[in-house]
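K.L.:
As input, take upload_19.txt (compact mmCIF, C-alpha atoms):
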```txt
# COMPACT_ATOMS: atom_id res chain seq x y z
CA MET E 115 -6.86 -20.00 14.81
CA GLN E 116 -4.97 -18.00 12.18
CA THR E 117 -2.49 -15.51 13.59
CA LEU E 118 -2.95 -12.11 11.96
CA PRO E 119 0.29 -10.37 11.01
CA THR E 120 1.79 -7.24 12.44
CA PHE E 121 1.96 -4.29 10.05
CA VAL E 122 5.37 -2.61 10.43
CA LEU E 123 5.10 0.91 9.01
CA VAL E 124 8.08 2.87 7.64
CA HIS E 125 7.76 6.59 6.99
CA GLY E 126 9.20 8.76 4.24
CA ALA E 127 11.51 11.77 4.14
CA PHE E 128 11.16 14.40 6.89
CA ALA E 129 8.34 12.32 8.40
CA ASN E 130 8.17 10.08 11.46
CA SER E 131 6.00 7.51 13.17
CA PHE E 132 3.50 10.25 14.09
CA SER E 133 2.46 10.39 10.43
CA PHE E 134 0.86 6.96 10.77
CA ALA E 135 -1.29 7.66 13.85
CA PRO E 136 -4.61 8.03 11.96
CA LEU E 137 -3.87 4.92 9.86
CA GLN E 138 -2.96 2.92 12.95
CA ALA E 139 -6.22 3.95 14.59
CA GLU E 140 -8.16 2.66 11.60
CA LEU E 141 -6.15 -0.56 11.47
CA GLY E 142 -6.77 -1.10 15.17
CA LEU E 143 -10.49 -0.58 14.77
CA LEU E 144 -10.43 -3.24 12.07
CA GLY E 145 -8.68 -5.63 14.45
CA HIS E 146 -5.16 -5.36 13.09
CA ARG E 147 -1.91 -4.98 15.01
CA SER E 148 0.57 -2.39 13.78
CA VAL E 149 3.75 -0.64 14.82
CA ALA E 150 5.20 2.51 13.27
CA VAL E 151 8.99 2.72 13.28
CA ASP E 152 10.94 5.95 13.67
CA LEU E 153 14.03 5.69 11.51
CA PRO E 154 17.25 6.95 13.17
CA GLY E 155 17.21 10.72 13.58
CA HIS E 156 13.42 10.86 13.35
CA GLY E 157 10.60 11.20 15.85
CA PHE E 158 11.90 12.07 19.29
CA GLU E 159 15.44 11.60 17.97
CA ALA E 160 14.98 14.54 15.61
CA THR E 161 16.74 17.88 15.94
CA PHE E 162 14.50 20.96 16.04
CA PRO E 163 17.01 23.83 16.18
CA ALA E 164 16.17 26.82 18.34
CA ALA E 165 16.48 28.90 15.16
CA TYR E 166 13.56 26.91 13.70
CA GLN E 167 11.20 28.24 16.37
CA ALA E 168 9.34 31.54 16.08
CA PRO E 169 10.62 34.10 15.43
CA GLN E 170 12.90 32.20 13.08
CA ASP E 171 16.56 33.01 12.57
CA LEU E 172 17.18 31.76 9.04
CA ASP E 173 20.88 32.64 9.08
CA ALA E 174 21.44 30.55 12.20
CA LEU E 175 19.18 27.79 10.86
CA ALA E 176 21.40 27.51 7.79
CA THR E 177 24.42 26.52 9.89
CA GLU E 178 23.15 24.99 13.13
CA PRO E 179 24.13 21.29 13.37
CA GLY E 180 21.61 18.45 13.38
CA GLY E 181 21.77 14.98 14.84
CA ILE E 182 20.83 13.24 11.59
CA LYS E 183 24.05 14.34 9.86
CA ASP E 184 25.85 11.00 10.10
CA VAL E 185 22.82 8.72 9.73
CA THR E 186 23.07 6.26 6.84
CA LEU E 187 20.72 3.95 4.99
CA ALA E 188 22.46 1.07 6.80
CA ASP E 189 21.40 2.64 10.11
CA ALA E 190 17.78 2.79 8.92
CA VAL E 191 17.94 -0.84 7.78
CA ALA E 192 19.28 -1.95 11.16
CA ARG E 193 16.46 -0.10 12.95
CA VAL E 194 13.76 -1.78 10.86
CA ILE E 195 15.37 -5.21 11.15
CA ALA E 196 15.38 -4.85 14.94
CA ALA E 197 11.67 -4.00 14.89
CA LEU E 198 10.89 -6.93 12.59
CA GLU E 199 12.80 -9.37 14.79
CA ARG E 200 10.66 -8.34 17.75
CA ALA E 201 7.41 -8.29 15.77
CA GLN E 202 8.05 -11.74 14.32
CA ARG E 203 7.80 -13.25 17.79
CA ASN E 204 4.06 -12.58 17.54
CA GLY E 205 3.56 -14.05 14.08
CA PRO E 206 3.87 -12.96 10.43
CA THR E 207 4.97 -9.46 9.47
CA VAL E 208 3.87 -7.12 6.68
CA LEU E 209 6.42 -4.39 6.00
CA VAL E 210 4.76 -1.23 4.65
CA GLY E 211 6.70 1.76 3.32
CA HIS E 212 5.76 5.16 1.96
CA SER E 213 7.75 7.46 -0.29
CA ARG E 214 11.46 7.44 0.64
CA GLY E 215 10.69 4.66 3.11
CA GLY E 216 10.57 2.31 0.14
CA ILE E 217 14.34 2.57 -0.20
CA THR E 218 14.66 1.19 3.33
CA LEU E 219 12.07 -1.52 2.61
CA THR E 220 14.05 -2.74 -0.37
CA ALA E 221 17.35 -2.75 1.49
CA VAL E 222 15.78 -4.61 4.44
CA ALA E 223 14.30 -7.21 2.09
CA ASN E 224 17.68 -7.65 0.41
CA ALA E 225 19.34 -8.24 3.78
CA ARG E 226 16.75 -10.23 5.75
CA PRO E 227 13.99 -11.70 3.58
CA ASP E 228 13.35 -14.23 6.33
CA LEU E 229 11.82 -11.51 8.49
CA VAL E 230 9.19 -10.30 6.00
CA ASP E 231 6.05 -12.15 4.94
CA ARG E 232 4.86 -9.40 2.59
CA LEU E 233 6.22 -6.11 1.30
CA VAL E 234 3.81 -3.23 0.65
CA TYR E 235 4.98 -0.14 -1.19
CA VAL E 236 2.53 2.78 -1.00
CA SER E 237 3.71 5.17 -3.72
CA ALA E 238 7.17 4.36 -2.41
CA TRP E 239 10.55 4.21 -4.08
CA CYS E 240 11.38 0.67 -5.14
CA PRO E 241 14.74 0.92 -6.91
CA VAL E 242 15.24 -1.95 -9.33
CA ASP E 243 17.17 -0.92 -12.45
CA LEU E 244 18.48 2.42 -11.12
CA ASP E 245 19.12 4.06 -7.80
CA VAL E 246 16.71 6.82 -6.78
CA ALA E 247 19.02 9.60 -7.97
CA GLY E 248 19.03 7.94 -11.38
CA TYR E 249 15.24 7.72 -11.51
CA TYR E 250 14.94 11.46 -10.88
CA ALA E 251 16.60 12.08 -14.24
CA GLU E 252 14.13 9.86 -16.10
CA PRO E 253 11.14 11.06 -18.21
CA GLU E 254 8.60 9.60 -15.75
CA MET E 255 9.62 12.29 -13.25
CA ALA E 256 8.89 15.13 -15.69
CA ASP E 257 5.61 15.96 -13.91
CA ALA E 258 7.37 16.30 -10.55
CA ASP E 259 8.40 19.83 -9.61
CA PRO E 260 12.11 19.72 -8.69
CA ALA E 261 11.81 23.16 -7.08
CA ALA E 262 8.96 22.20 -4.74
CA LEU E 263 11.30 21.22 -1.93
CA ALA E 264 14.18 23.40 -3.05
CA THR E 265 12.17 26.57 -2.42
CA ALA E 266 12.07 25.72 1.29
CA LEU E 267 15.60 24.33 1.65
CA VAL E 268 17.84 26.12 4.14
CA GLY E 269 21.62 26.11 4.04
CA ASN E 270 23.99 24.09 1.89
CA PRO E 271 23.37 20.33 2.20
CA ALA E 272 27.02 19.57 1.47
CA GLU E 273 28.16 21.83 4.30
CA LEU E 274 25.41 20.79 6.72
CA GLY E 275 25.85 17.11 5.87
CA MET E 276 22.07 16.72 5.63
CA LEU E 277 18.94 18.14 4.05
CA ARG E 278 17.32 20.96 6.03
CA THR E 279 13.92 22.31 5.06
CA ASN E 280 11.95 25.15 6.58
CA PHE E 281 8.46 23.68 6.75
CA ARG E 282 7.47 26.63 8.94
CA THR E 283 8.05 29.07 6.12
CA ALA E 284 5.43 31.75 5.51
CA ASP E 285 6.52 32.19 1.88
CA PRO E 286 3.33 31.75 -0.19
CA ALA E 287 5.24 30.48 -3.23
CA ALA E 288 7.11 27.85 -1.23
CA LEU E 289 3.93 26.68 0.50
CA ALA E 290 2.02 26.54 -2.76
CA ALA E 291 4.76 24.46 -4.41
CA LEU E 292 4.88 22.02 -1.51
CA ARG E 293 1.13 21.68 -1.38
CA GLN E 294 0.82 21.09 -5.12
CA THR E 295 3.40 18.32 -4.93
CA VAL E 296 2.30 16.40 -1.83
CA GLY E 297 -1.26 17.42 -0.97
CA ALA E 298 -3.16 19.38 -3.59
CA ASP E 299 -6.38 17.61 -2.58
CA LEU E 300 -6.09 18.48 1.13
CA THR E 301 -7.80 21.42 2.76
CA ASP E 302 -5.67 24.34 3.91
CA ASP E 303 -5.94 23.17 7.51
CA GLU E 304 -5.16 19.55 6.65
CA PHE E 305 -2.10 20.56 4.68
CA ARG E 306 -0.74 22.89 7.36
CA THR E 307 -1.43 20.33 10.08
CA PHE E 308 0.51 17.66 8.23
CA LEU E 309 3.30 20.10 7.48
CA ASN E 310 3.64 20.70 11.22
CA THR E 311 4.26 16.98 11.80
CA PHE E 312 7.34 17.13 9.58
CA GLN E 313 10.80 17.61 11.00
CA PRO E 314 13.25 19.98 9.33
CA ASP E 315 16.16 17.57 8.79
CA ASP E 316 16.75 14.36 6.85
CA ASN E 317 19.85 12.43 5.94
CA LEU E 318 21.57 12.48 2.57
CA ASP E 319 22.07 8.72 2.08
CA ALA E 320 19.37 7.51 -0.30
CA GLY E 321 21.29 4.40 -1.31
CA THR E 322 23.21 3.38 -4.43
CA THR E 323 22.74 0.79 -7.14
CA ALA E 324 24.01 -1.75 -4.60
CA ASP E 325 20.73 -1.18 -2.72
CA CYS E 326 18.48 -1.97 -5.66
CA ALA E 327 16.13 -4.94 -5.45
CA GLN E 328 17.92 -8.29 -5.54
CA GLU E 329 16.23 -11.25 -7.16
CA ALA E 330 17.51 -13.89 -4.73
CA SER E 331 16.29 -12.13 -1.58
CA TRP E 332 13.87 -9.26 -2.21
CA GLY E 333 12.50 -11.22 -5.15
CA ARG E 334 11.25 -14.15 -3.11
CA ILE E 335 8.93 -12.11 -0.85
CA PRO E 336 5.28 -11.61 -1.84
CA LYS E 337 4.87 -7.93 -2.65
CA THR E 338 2.16 -5.37 -3.18
CA TYR E 339 2.34 -1.94 -4.78
CA VAL E 340 -0.36 0.57 -3.90
CA ARG E 341 -0.50 3.25 -6.56
CA LEU E 342 -1.62 6.75 -5.55
CA ALA E 343 -3.43 8.02 -8.60
CA GLU E 344 -2.92 11.76 -8.18
CA ASP E 345 0.56 11.68 -6.67
CA LEU E 346 2.91 14.37 -7.99
CA ALA E 347 5.83 13.60 -5.66
CA ILE E 348 6.28 10.17 -7.27
CA PRO E 349 4.13 10.48 -10.39
CA LEU E 350 2.00 7.58 -11.52
CA GLY E 351 4.25 6.95 -14.51
CA MET E 352 7.23 6.40 -12.20
CA GLN E 353 5.19 4.20 -9.87
CA ASP E 354 4.21 2.06 -12.87
CA ARG E 355 7.78 1.92 -14.12
CA MET E 356 9.04 0.51 -10.84
CA ILE E 357 6.21 -2.04 -10.86
CA ARG E 358 7.20 -3.13 -14.37
CA GLU E 359 10.87 -3.38 -13.44
CA GLY E 360 10.08 -5.41 -10.34
CA ASP E 361 7.89 -7.76 -12.33
CA ALA E 362 10.61 -8.17 -14.96
CA LEU E 363 13.14 -9.03 -12.26
CA THR E 364 10.88 -11.66 -10.69
CA PRO E 365 8.25 -12.67 -13.29
CA GLY E 366 7.23 -15.61 -11.14
CA ASN E 367 6.50 -13.29 -8.23
CA PRO E 368 4.95 -10.12 -9.66
CA PHE E 369 3.55 -7.22 -7.69
CA ASP E 370 -0.03 -7.43 -6.49
CA VAL E 371 -1.16 -3.97 -7.65
CA HIS E 372 -3.88 -1.76 -6.17
CA THR E 373 -4.79 1.88 -6.67
CA LEU E 374 -6.08 4.49 -4.26
CA PRO E 375 -7.26 7.93 -5.34
CA GLY E 376 -5.51 11.02 -4.11
CA SER E 377 -2.21 12.75 -3.55
CA HIS E 378 1.00 11.70 -1.84
CA LEU E 379 -0.39 12.46 1.62
CA ARG E 380 -4.15 12.02 1.33
CA TRP E 381 -4.08 8.32 2.26
CA LEU E 382 -2.50 9.27 5.61
CA VAL E 383 -4.91 12.12 6.34
CA HIS E 384 -8.00 10.13 5.28
CA PRO E 385 -6.79 6.59 6.03
CA GLU E 386 -10.00 4.53 5.99
CA PRO E 387 -9.63 3.21 2.39
CA ALA E 388 -5.95 2.44 2.94
CA ALA E 389 -6.65 0.59 6.18
CA GLU E 390 -9.34 -1.49 4.51
CA LEU E 391 -7.00 -2.27 1.61
CA LEU E 392 -4.14 -3.30 3.91
CA GLY E 393 -6.54 -5.44 5.92
CA SER E 394 -7.74 -7.20 2.78
CA LEU E 395 -4.17 -8.25 1.99
CA VAL E 396 -4.02 -10.39 5.10
CA THR E 397 -7.61 -11.56 5.51
CA GLY E 398 -8.39 -12.49 1.91
```
Will you turn the file into structure tokens for me?
P.N.:
Amino acid sequence: MQTLPTFVLVHGAFANSFSFAPLQAELGLLGHRSVAVDLPGHGFEATFPAAYQAPQDLDALATEPGGIKDVTLADAVARVIAALERAQRNGPTVLVGHSRGGITLTAVANARPDLVDRLVYVSAWCPVDLDVAGYYAEPEMADADPAALATALVGNPAELGMLRTNFRTADPAALAALRQTVGADLTDDEFRTFLNTFQPDDNLDAGTTADCAQEASWGRIPKTYVRLAEDLAIPLGMQDRMIREGDALTPGNPFDVHTLPGSHLRWLVHPEPAAELLGSLVTG
């Protein structure tokens, strides 16, 4: 009897394994095994400063230390590799990443291609020709609002040694900018509920050109890219550019491309289509 793979799920910036709970429920109901990984400094390892609670003290929040300060991309890669090594004891693995989690996926695949039977990027960063900072300066990111996150940033990232965002802000302009970027097609309640699953801090290390996809390792793994058609956090043009660059790097092993409707977060809030798509990748 064929052994079905384990889906190993990697979250994006400011998120955690909790983000995947609805998707994991749907995968489970379809008969699939999955595990959601908390990257270092995320989930129950996150720092929620007392100043972040209500009533908020924004001055204190701007300077209070956070545990994610010294976390690096290498730390995230080690965490995912450890999960894959355990998951592989049960059979094949499918490594799925969303948003900033794609940077970790790529670095893991560069380091340990032997642990991954398929890579799945869901509107996730897949640096090939440039690092992520470089992509942000490219024309395909013109539709992304650079101020969407900046309006809610607290403190100086260089002084804090991390990114700190006030997702509990009551500023209508900040909330509207965030919603437009990540969840314009969610209801008010859905958007605020998801926002309350975010943690305030994330690390600064998004990788360098040394962490871009490598033909000899990353390039030998079967890979899928799931486009999110109405995404404004990573616009469709940028998603398509990374697909093209990946295909050019490994023309004999191109991306298997699929498209889901909706924003950056909709697939996690309404996960049935995504679960069915992921399931189809492993059942044929």
K.L.:
Using only C-alpha atoms, can you tell me which of E:Ala238, E:Leu244, E:Leu292, E:Ala388 comes closest to Phe134 (chain E)?
P.N.:
E:Ala388
K.L.:
What lies within 8 Å of Asp345 (chain E) using all atoms listed in the file, ignoring chain neighbours under 5 positions off, as a ChimeraX atom specification?
P.N.:
/E:237,295-296,350,376-378
K.L.:
Please produce a file of the residues just selected, as an mmCIF file, in the coordinates of the input, where the atoms kept are C-alpha atoms.
P.N.:
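Saved file result.cif follows:
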```cif
data_model
loop_
_atom_site.group_PDB
_atom_site.id
_atom_site.type_symbol
_atom_site.label_atom_id
_atom_site.label_comp_id
_atom_site.auth_asym_id
_atom_site.auth_seq_id
_atom_site.Cartn_x
_atom_site.Cartn_y
_atom_site.Cartn_z
ATOM 1 C CA SER E 237 3.710 5.170 -3.720
ATOM 2 C CA THR E 295 3.400 18.320 -4.930
ATOM 3 C CA VAL E 296 2.300 16.400 -1.830
ATOM 4 C CA LEU E 350 2.000 7.580 -11.520
ATOM 5 C CA GLY E 376 -5.510 11.020 -4.110
ATOM 6 C CA SER E 377 -2.210 12.750 -3.550
ATOM 7 C CA HIS E 378 1.000 11.700 -1.840
#
```
K.L.:
Measuring atom to atom with all atoms listed in the file, identify which of E:Leu175, E:Leu141, E:Ala190, E:Met255 is nearest to Gly351 (chain E).
P.N.:
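Nearest candidate to Gly351 (chain E) out of E:Leu175, E:Leu141, E:Ala190, E:Met255: E:Met255.
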K.L.:
What box, with edges along x, y and z, holds each listed atom of region 167-181 of chain E when 6 Å is added on every side, and can you state its centre and edge lengths in Å to one decimal, as lines of an AutoDock Vina configuration file?
P.N.:
```
center_x = 16.9
center_y = 24.5
center_z = 12.1
size_x = 27.1
size_y = 31.1
size_z = 20.6
```
K.L.:
Grab the CA of Arg293 (chain E) to CA of Ala347 (chain E) distance for me, in Å with one decimal place.
P.N.:
10.3 Å
K.L.:
Using all atoms listed in the file, pick whichever of E:Asn310, E:Thr218, E:Ser331, E:Thr301 has the shortest atom-to-atom distance to Thr186 (chain E).
P.N.:
E:Thr218
K.L.:
Identify, on the basis of only C-alpha atoms, every residue whose closest approach to Phe162 (chain E) does not exceed 12 Å; exclude the query and any residue fewer than 5 positions from it along the same chain; express the result as a ChimeraX atom specification.
P.N.:
/E:128,155-157,167-168,170,175,178-182,278-282,310-316
K.L.:
Given the choices E:Arg341, E:His125, E:His384, E:His372, which gets closest to Ser213 (chain E) if the distance is worked out from only C-alpha atoms?
P.N.:
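Going through E:Arg341, E:His125, E:His384, E:His372 one by one, the smallest distance to Ser213 (chain E) is for E:His125.
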K.L.:
Using all atoms listed in the file, which of the listed residues (E:Ala291, E:Val242, E:Ala129, E:Val340) sits closest to Thr220 (chain E)?
P.N.:
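Distance minimum relative to Thr220 (chain E) lands on E:Val242.
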K.L.:
Go ahead and find all residues with at least one atom no further than 12 Å from (0.1, 5.7, 9.7) in the file's coordinates, using all atoms listed in the file; report them as a ChimeraX atom specification.
P.N.:
/E:121-126,129-142,148-152,210-212,236,379-386,388-389,392
K.L.:
In Å, with one decimal, what is the gap from CA of Gly360 (chain E) to CA of Pro253 (chain E)?
P.N.:
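Separation of CA of Gly360 (chain E) and CA of Pro253 (chain E): 18.3 Å.
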K.L.:
My list of candidates is E:Thr207, E:Thr364, E:Thr397, E:Thr177. Which is closest to Ala330 (chain E) when distances are computed with all atoms listed in the file?
P.N.:
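Distance minimum relative to Ala330 (chain E) lands on E:Thr364.
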K.L.:
Hey, can you check how far CA of Tyr339 (chain E) sits from CA of Gln353 (chain E)?
P.N.:
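Between CA of Tyr339 (chain E) and CA of Gln353 (chain E) the gap works out to 8.5 Å.
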